[in-house]
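Structure file work_16.csv (CSV, C-alpha atoms) is printed below.
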chain,number,residue,atom,x,y,z
A,1,MET,CA,117.1,223.6,103.8
A,2,ARG,CA,114.7,221.4,101.8
A,3,ARG,CA,116.4,218.8,99.7
A,4,VAL,CA,115.6,217.6,96.2
A,5,TYR,CA,115.6,213.8,96.0
A,6,ALA,CA,114.2,213.2,92.5
A,7,VAL,CA,113.7,214.8,89.1
A,8,GLU,CA,110.3,214.2,87.4
A,9,PRO,CA,110.5,214.8,83.7
A,10,GLY,CA,107.6,217.0,82.3
A,11,ALA,CA,105.8,217.3,85.7
A,12,ALA,CA,106.1,221.1,86.1
A,13,GLU,CA,102.3,221.6,85.8
A,14,ASP,CA,101.7,220.3,89.3
A,15,ALA,CA,104.5,222.4,91.0
A,16,THR,CA,103.9,225.0,93.7
A,17,ASP,CA,107.0,227.1,93.0
A,18,ARG,CA,109.7,227.3,90.4
A,19,VAL,CA,113.4,227.9,89.7
A,20,VAL,CA,114.5,229.7,86.5
A,21,LEU,CA,117.9,228.5,85.4
A,22,ASP,CA,120.3,229.1,82.5
A,23,PHE,CA,121.8,226.1,80.6
A,24,ASP,CA,124.9,225.9,82.8
A,25,ARG,CA,122.8,225.8,86.1
A,26,ARG,CA,120.5,223.1,84.7
A,27,SER,CA,123.4,220.6,84.3
A,28,ARG,CA,124.4,219.8,87.9
A,29,ARG,CA,124.7,217.1,90.5
A,30,ARG,CA,124.9,219.4,93.6
A,31,ILE,CA,123.8,223.0,93.9
A,32,VAL,CA,121.8,225.3,96.1
A,33,LEU,CA,119.0,226.9,94.2
A,34,SER,CA,116.6,229.7,95.1
A,35,THR,CA,113.0,229.4,94.0
A,36,GLN,CA,111.0,232.4,92.8
A,37,ALA,CA,109.2,232.4,96.2
A,38,GLY,CA,112.6,232.9,97.8
A,39,ALA,CA,113.1,229.4,99.3
A,40,ALA,CA,116.5,227.8,99.2
A,41,ILE,CA,116.6,224.2,98.1
A,42,LEU,CA,119.5,221.7,97.8
A,43,LEU,CA,119.8,219.6,94.6
A,44,ASP,CA,122.0,216.8,95.8
A,45,LEU,CA,121.8,213.7,93.5
A,46,PRO,CA,124.1,210.7,93.1
A,47,ARG,CA,125.1,211.8,89.5
A,48,ALA,CA,124.8,214.9,87.4
A,49,VAL,CA,121.5,215.5,85.6
A,50,HIS,CA,120.4,217.8,82.9
A,51,LEU,CA,117.2,219.5,83.9
A,52,ARG,CA,114.9,220.5,81.0
A,53,ASP,CA,112.3,223.2,80.9
A,54,GLY,CA,109.1,221.6,82.2
A,55,ASP,CA,110.8,219.1,84.5
A,56,ALA,CA,110.0,219.2,88.2
A,57,LEU,CA,112.2,218.7,91.3
A,58,ARG,CA,110.6,216.5,93.9
A,59,LEU,CA,111.4,217.6,97.5
A,60,GLU,CA,111.7,215.3,100.5
A,61,ASP,CA,108.4,216.7,101.8
A,62,GLY,CA,106.6,215.8,98.5
A,63,ALA,CA,106.4,219.3,97.1
A,64,LEU,CA,107.2,219.8,93.4
A,65,ILE,CA,109.3,222.7,92.1
A,66,ALA,CA,109.0,223.5,88.4
A,67,VAL,CA,112.2,224.0,86.3
A,68,ARG,CA,112.0,226.8,83.8
A,69,ALA,CA,114.8,227.6,81.3
A,70,ALA,CA,116.0,231.2,81.5
A,71,ASP,CA,116.3,233.3,78.4
A,72,GLU,CA,120.0,233.6,77.3
A,73,ASP,CA,121.8,235.7,74.6
A,74,LEU,CA,122.0,233.5,71.6
A,75,ILE,CA,122.5,233.7,67.9
A,76,GLU,CA,120.2,231.8,65.6
A,77,ILE,CA,121.8,230.6,62.4
A,78,HIS,CA,120.2,229.7,59.1
A,79,ALA,CA,121.4,229.0,55.6
A,80,HIS,CA,120.0,228.9,52.1
A,81,GLY,CA,120.5,225.2,51.6
A,82,THR,CA,121.1,221.9,53.4
A,83,ALA,CA,124.7,221.6,52.2
A,84,GLN,CA,125.6,225.1,53.5
A,85,MET,CA,123.9,224.3,56.9
A,86,VAL,CA,125.7,221.0,57.2
A,87,ARG,CA,129.0,222.8,56.5
A,88,ILE,CA,128.3,225.4,59.2
A,89,ALA,CA,127.2,222.7,61.6
A,90,TRP,CA,130.5,220.8,61.0
A,91,HIS,CA,132.5,223.9,61.8
A,92,LEU,CA,130.5,224.5,65.0
A,93,GLY,CA,131.0,220.9,66.1
A,94,ASN,CA,134.7,221.0,65.3
A,95,ARG,CA,134.9,223.8,67.9
A,96,HIS,CA,132.9,221.7,70.4
A,97,LEU,CA,130.3,224.5,70.9
A,98,PRO,CA,127.1,223.6,72.6
A,99,THR,CA,124.6,223.7,69.8
A,100,GLN,CA,120.8,223.5,69.8
A,101,LEU,CA,119.0,222.2,66.7
A,102,VAL,CA,115.6,223.8,66.1
A,103,PRO,CA,113.4,222.1,63.5
A,104,GLY,CA,111.4,224.2,61.1
A,105,PRO,CA,109.5,224.1,57.8
A,106,ASP,CA,112.5,225.7,56.0
A,107,GLY,CA,115.0,223.1,57.2
A,108,GLY,CA,115.4,224.6,60.7
A,109,THR,CA,118.0,226.7,62.5
A,110,ILE,CA,120.9,226.2,64.8
A,111,ARG,CA,121.2,228.2,68.1
A,112,ILE,CA,124.5,228.8,69.9
A,113,ARG,CA,125.5,231.2,72.6
A,114,ALA,CA,126.1,234.7,71.4
A,115,ASP,CA,129.7,235.0,70.2
A,116,HIS,CA,130.8,237.7,67.7
A,117,VAL,CA,133.8,235.7,66.4
A,118,ILE,CA,131.6,232.6,65.6
A,119,ALA,CA,129.0,234.9,64.1
A,120,GLU,CA,131.7,236.3,61.7
A,121,MET,CA,132.7,232.7,60.9
A,122,VAL,CA,129.1,231.8,60.1
A,123,ALA,CA,128.8,234.8,57.8
A,124,GLY,CA,132.1,233.8,56.1
A,125,LEU,CA,130.7,230.4,55.4
A,126,GLY,CA,127.7,232.0,53.7
A,127,GLY,CA,125.2,231.5,56.6
A,128,HIS,CA,123.0,234.1,58.2
A,129,TRP,CA,122.4,234.8,61.8
A,130,ARG,CA,120.4,237.0,64.1
A,131,PRO,CA,120.7,237.8,67.8
A,132,ILE,CA,117.9,236.4,69.9
A,133,SER,CA,117.0,236.0,73.6
A,134,ALA,CA,115.6,232.5,74.3
A,135,PRO,CA,116.0,229.4,76.4
A,136,PHE,CA,119.0,227.4,75.4
A,137,ASP,CA,118.9,223.6,75.4
A,138,PRO,CA,121.7,222.2,73.3
A,139,GLU,CA,122.2,218.6,72.1
A,140,GLY,CA,123.5,216.2,74.7
A,141,GLY,CA,126.3,214.9,72.5
A,142,ALA,CA,127.3,211.4,71.4
A,143,TYR,CA,128.5,210.4,74.8
A,144,GLY,CA,125.3,211.4,76.6
A,145,GLY,CA,126.6,214.5,78.4
A,146,PRO,CA,124.7,217.7,78.2
A,147,SER,CA,127.7,220.0,78.3
A,148,THR,CA,131.1,220.5,76.7
A,149,SER,CA,133.0,218.7,79.4
A,150,HIS,CA,134.8,215.7,78.0
A,151,GLY,CA,135.1,212.3,79.5
A,152,HIS,CA,136.1,210.4,76.3
A,153,ALA,CA,139.0,210.0,73.9
A,154,HIS,CA,139.1,211.9,70.7
A,155,GLY,CA,140.0,210.2,67.5
A,156,HIS,CA,139.3,212.7,64.8
A,157,GLY,CA,142.7,213.0,63.3
A,158,HIS,CA,144.0,216.3,64.8
A,159,HIS,CA,145.1,217.8,68.0
A,160,HIS,CA,143.6,220.9,69.7
A,161,GLU,CA,143.2,222.3,73.1
A,162,HIS,CA,139.9,222.1,75.1
A,163,ALA,CA,138.5,224.4,77.6
A,164,HIS,CA,137.1,222.1,80.4
A,165,ASP,CA,134.4,223.2,82.8
Could you render the structure as structure tokens?
Amino acid sequence: MRRVYAVEPGAAEDATDRVVLDFDRRSRRRIVLSTQAGAAILLDLPRAVHLRDGDALRLEDGALIAVRAADEDLIEIHAHGTAQMVRIAWHLGNRHLPTQLVPGPDGGTIRIRADHVIAEMVAGLGGHWRPISAPFDPEGGAYGGPSTSHGHAHGHGHHHEHAHD
């Protein structure tokens, strides 16, 4: 099996093959991946990395494999004003949901994974949402991690349970 030894940000244009991965499979240290041409490759790096759409995986033989983000079921959230959007963002953050911020001329939107309970909460806060299928690349977080796993202490004044990956 061919082994990945480096990630090259933004180098996908020179790749000879590609892997298409959802968000969870793009945040790994070690995983066997299948390319679109059917080759098995081993990602085996010293620490976890977050692969982004357009990155390339450098194999030991020098070949490059492009990383493409798979479409996922998401909801795209917007609001009528900045204060309303900030309030919605606060509630999403308080639930530690992976959240992607999408800039736009109207103030932008927020994308999260499709979740009917959260969609109802957004509507209850006066926001609007629509289901979409798109690549998902949420913010990395204040502690540098790309996912919802926690390796830090919380000091935000209340206690709640966490689902850890």
(message) For a cutoff of 7 Å around the file-coordinate point (124.3, 225.0, 64.7), which residues qualify once you count all atoms listed in the file? I'd like the result as a PyMOL selection string.
(response) chain A and resi 77+88-89+92+99-101+109-112
Mind writing the picked residues with C-alpha atoms as a CSV table (one decimal), in the frame of the given file?
chain,number,residue,atom,x,y,z
A,77,ILE,CA,121.8,230.6,62.4
A,88,ILE,CA,128.3,225.4,59.2
A,89,ALA,CA,127.2,222.7,61.6
A,92,LEU,CA,130.5,224.5,65.0
A,99,THR,CA,124.6,223.7,69.8
A,100,GLN,CA,120.8,223.5,69.8
A,101,LEU,CA,119.0,222.2,66.7
A,109,THR,CA,118.0,226.7,62.5
A,110,ILE,CA,120.9,226.2,64.8
A,111,ARG,CA,121.2,228.2,68.1
A,112,ILE,CA,124.5,228.8,69.9
(request) List the neighbours of range 39-48 of chain A out to 7 Å using all atoms listed in the file; skip same-chain residues closer than 5 positions along the sequence, and give me the result as a PyMOL selection string. (result) chain A and resi 1-5+27-34
(message) Measuring between all atoms listed in the file, which one of A:Gly62, A:Gly124, A:Gly54, A:Pro98 shows the shortest distance to Phe23 in chain A?
(response)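 Of A:Gly62, A:Gly124, A:Gly54, A:Pro98, the one nearest Phe23 in chain A, counting all atoms listed in the file, is A:Pro98.
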(request) Would you kindly identify which residues have an atom no farther than 8 Å from (113.2, 227.9, 91.1), using only C-alpha atoms and the file's own coordinates, and write them out as number ranges by chain? (result) A: 17-21, 33-37, 65-68
For the residues in the current selection, export C-alpha atoms as a PDB file, keeping the file's coordinate frame.
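Dumped everything to out-v4.pdb:
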ATOM      1  CA  ASP A  17     107.000 227.100  93.000  1.00  0.00           C
ATOM      2  CA  ARG A  18     109.700 227.300  90.400  1.00  0.00           C
ATOM      3  CA  VAL A  19     113.400 227.900  89.700  1.00  0.00           C
ATOM      4  CA  VAL A  20     114.500 229.700  86.500  1.00  0.00           C
ATOM      5  CA  LEU A  21     117.900 228.500  85.400  1.00  0.00           C
ATOM      6  CA  LEU A  33     119.000 226.900  94.200  1.00  0.00           C
ATOM      7  CA  SER A  34     116.600 229.700  95.100  1.00  0.00           C
ATOM      8  CA  THR A  35     113.000 229.400  94.000  1.00  0.00           C
ATOM      9  CA  GLN A  36     111.000 232.400  92.800  1.00  0.00           C
ATOM     10  CA  ALA A  37     109.200 232.400  96.200  1.00  0.00           C
ATOM     11  CA  ILE A  65     109.300 222.700  92.100  1.00  0.00           C
ATOM     12  CA  ALA A  66     109.000 223.500  88.400  1.00  0.00           C
ATOM     13  CA  VAL A  67     112.200 224.000  86.300  1.00  0.00           C
ATOM     14  CA  ARG A  68     112.000 226.800  83.800  1.00  0.00           C
TER      15      ARG A  68
END
(request) Would you please work out which residue, of A:Arg95, A:His128, A:Arg52, A:Arg113, is nearest to Val7 in chain A when using only C-alpha atoms? (result)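 Smallest distance to Val7 in chain A is found for A:Arg52.
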(request) Please indicate the distance in Å from CA of His78 in chain A to CA of Gly127 in chain A, rounded to one decimal place. (result)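 The value is 5.9 Å.
A straight line drawn from CA of Gly10 in chain A to CA of Pro103 in chain A is 20.3 Å long.
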(request) Check the smallest atom-to-atom distance from each of A:His50, A:Ala70, A:His91, A:Asp55 to Glu13 in chain A using only C-alpha atoms, then report the winner. (result)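 Among the listed residues, A:Asp55 lies closest to Glu13 in chain A.
Counting from CA of Asp73 in chain A, the distance to CA of Glu8 in chain A is 27.5 Å.
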(request) May I ask which of the residues A:Ala11, A:Leu57, A:Phe136, A:Gly38 is the closest one to Val102 in chain A, counting all atoms listed in the file? (result)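 Comparing A:Ala11, A:Leu57, A:Phe136, A:Gly38 against Val102 in chain A, the winner is A:Phe136.
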(message) Calculated over all atoms listed in the file, which of the candidates A:Glu60, A:Asp115, A:Asp53, A:Asp106 has the smallest distance to Arg130 in chain A?
(response)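 Among A:Glu60, A:Asp115, A:Asp53, A:Asp106, it is A:Asp115 that comes nearest to Arg130 in chain A.
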(message) Calculated over only C-alpha atoms, which of the candidates A:Ala123, A:Ala56, A:Leu97, A:Ala63 has the smallest distance to Ala79 in chain A?
(response)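 Distance minimum relative to Ala79 in chain A lands on A:Ala123.
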Taking the structure I provided as the source, export range 41-68 of chain A with N, CA and C atoms, as a tab-separated table (two decimals), in the first residue's frame.
chain	number	residue	atom	x	y	z
A	41	ILE	N	-4.51	3.99	-0.25
A	41	ILE	CA	-3.34	4.72	0.26
A	41	ILE	C	-3.49	4.87	1.76
A	42	LEU	N	-2.34	4.92	2.44
A	42	LEU	CA	-2.34	5.03	3.90
A	42	LEU	C	-1.90	6.42	4.31
A	43	LEU	N	-2.79	7.17	4.95
A	43	LEU	CA	-2.43	8.43	5.58
A	43	LEU	C	-1.94	8.06	6.96
A	44	ASP	N	-0.69	8.33	7.26
A	44	ASP	CA	-0.08	7.95	8.53
A	44	ASP	C	0.90	9.05	8.93
A	45	LEU	N	0.39	10.06	9.60
A	45	LEU	CA	1.18	11.23	9.94
A	45	LEU	C	1.42	11.29	11.45
A	46	PRO	N	2.44	12.02	11.89
A	46	PRO	CA	2.76	12.08	13.33
A	46	PRO	C	1.64	12.69	14.18
A	47	ARG	N	0.86	13.60	13.59
A	47	ARG	CA	-0.26	14.20	14.34
A	47	ARG	C	-1.43	14.42	13.38
A	48	ALA	N	-2.59	14.58	13.95
A	48	ALA	CA	-3.80	14.77	13.14
A	48	ALA	C	-3.69	16.05	12.32
A	49	VAL	N	-4.23	15.99	11.13
A	49	VAL	CA	-4.27	17.15	10.25
A	49	VAL	C	-5.70	17.35	9.79
A	50	HIS	N	-6.00	18.57	9.40
A	50	HIS	CA	-7.30	18.84	8.78
A	50	HIS	C	-7.04	19.10	7.30
A	51	LEU	N	-7.50	18.19	6.47
A	51	LEU	CA	-7.34	18.32	5.03
A	51	LEU	C	-8.44	19.22	4.49
A	52	ARG	N	-8.06	20.12	3.62
A	52	ARG	CA	-9.02	21.03	3.01
A	52	ARG	C	-9.16	20.73	1.53
A	53	ASP	N	-10.33	21.07	1.00
A	53	ASP	CA	-10.56	20.92	-0.43
A	53	ASP	C	-9.46	21.67	-1.17
A	54	GLY	N	-8.79	20.98	-2.10
A	54	GLY	CA	-7.71	21.59	-2.86
A	54	GLY	C	-6.32	21.25	-2.37
A	55	ASP	N	-6.21	20.65	-1.18
A	55	ASP	CA	-4.91	20.18	-0.70
A	55	ASP	C	-4.52	18.95	-1.52
A	56	ALA	N	-3.26	18.56	-1.41
A	56	ALA	CA	-2.78	17.34	-2.06
A	56	ALA	C	-2.01	16.50	-1.05
A	57	LEU	N	-2.13	15.19	-1.22
A	57	LEU	CA	-1.39	14.24	-0.40
A	57	LEU	C	-0.18	13.79	-1.20
A	58	ARG	N	1.02	13.97	-0.64
A	58	ARG	CA	2.25	13.56	-1.32
A	58	ARG	C	2.58	12.13	-0.88
A	59	LEU	N	2.65	11.24	-1.86
A	59	LEU	CA	2.98	9.85	-1.59
A	59	LEU	C	4.49	9.64	-1.61
A	60	GLU	N	4.93	8.54	-1.00
A	60	GLU	CA	6.36	8.25	-0.94
A	60	GLU	C	7.01	8.15	-2.31
A	61	ASP	N	6.25	7.75	-3.33
A	61	ASP	CA	6.81	7.64	-4.68
A	61	ASP	C	6.79	8.98	-5.43
A	62	GLY	N	6.35	10.06	-4.75
A	62	GLY	CA	6.33	11.39	-5.34
A	62	GLY	C	5.00	11.80	-5.94
A	63	ALA	N	4.08	10.86	-6.13
A	63	ALA	CA	2.78	11.17	-6.72
A	63	ALA	C	1.97	12.07	-5.79
A	64	LEU	N	1.08	12.85	-6.39
A	64	LEU	CA	0.17	13.70	-5.63
A	64	LEU	C	-1.26	13.20	-5.81
A	65	ILE	N	-2.00	13.14	-4.71
A	65	ILE	CA	-3.41	12.78	-4.71
A	65	ILE	C	-4.19	14.00	-4.22
A	66	ALA	N	-5.11	14.50	-5.04
A	66	ALA	CA	-5.91	15.67	-4.67
A	66	ALA	C	-6.93	15.31	-3.60
A	67	VAL	N	-7.20	16.26	-2.71
A	67	VAL	CA	-8.24	16.13	-1.70
A	67	VAL	C	-9.43	16.97	-2.15
A	68	ARG	N	-10.59	16.36	-2.25
A	68	ARG	CA	-11.81	17.07	-2.58
A	68	ARG	C	-12.82	16.84	-1.46
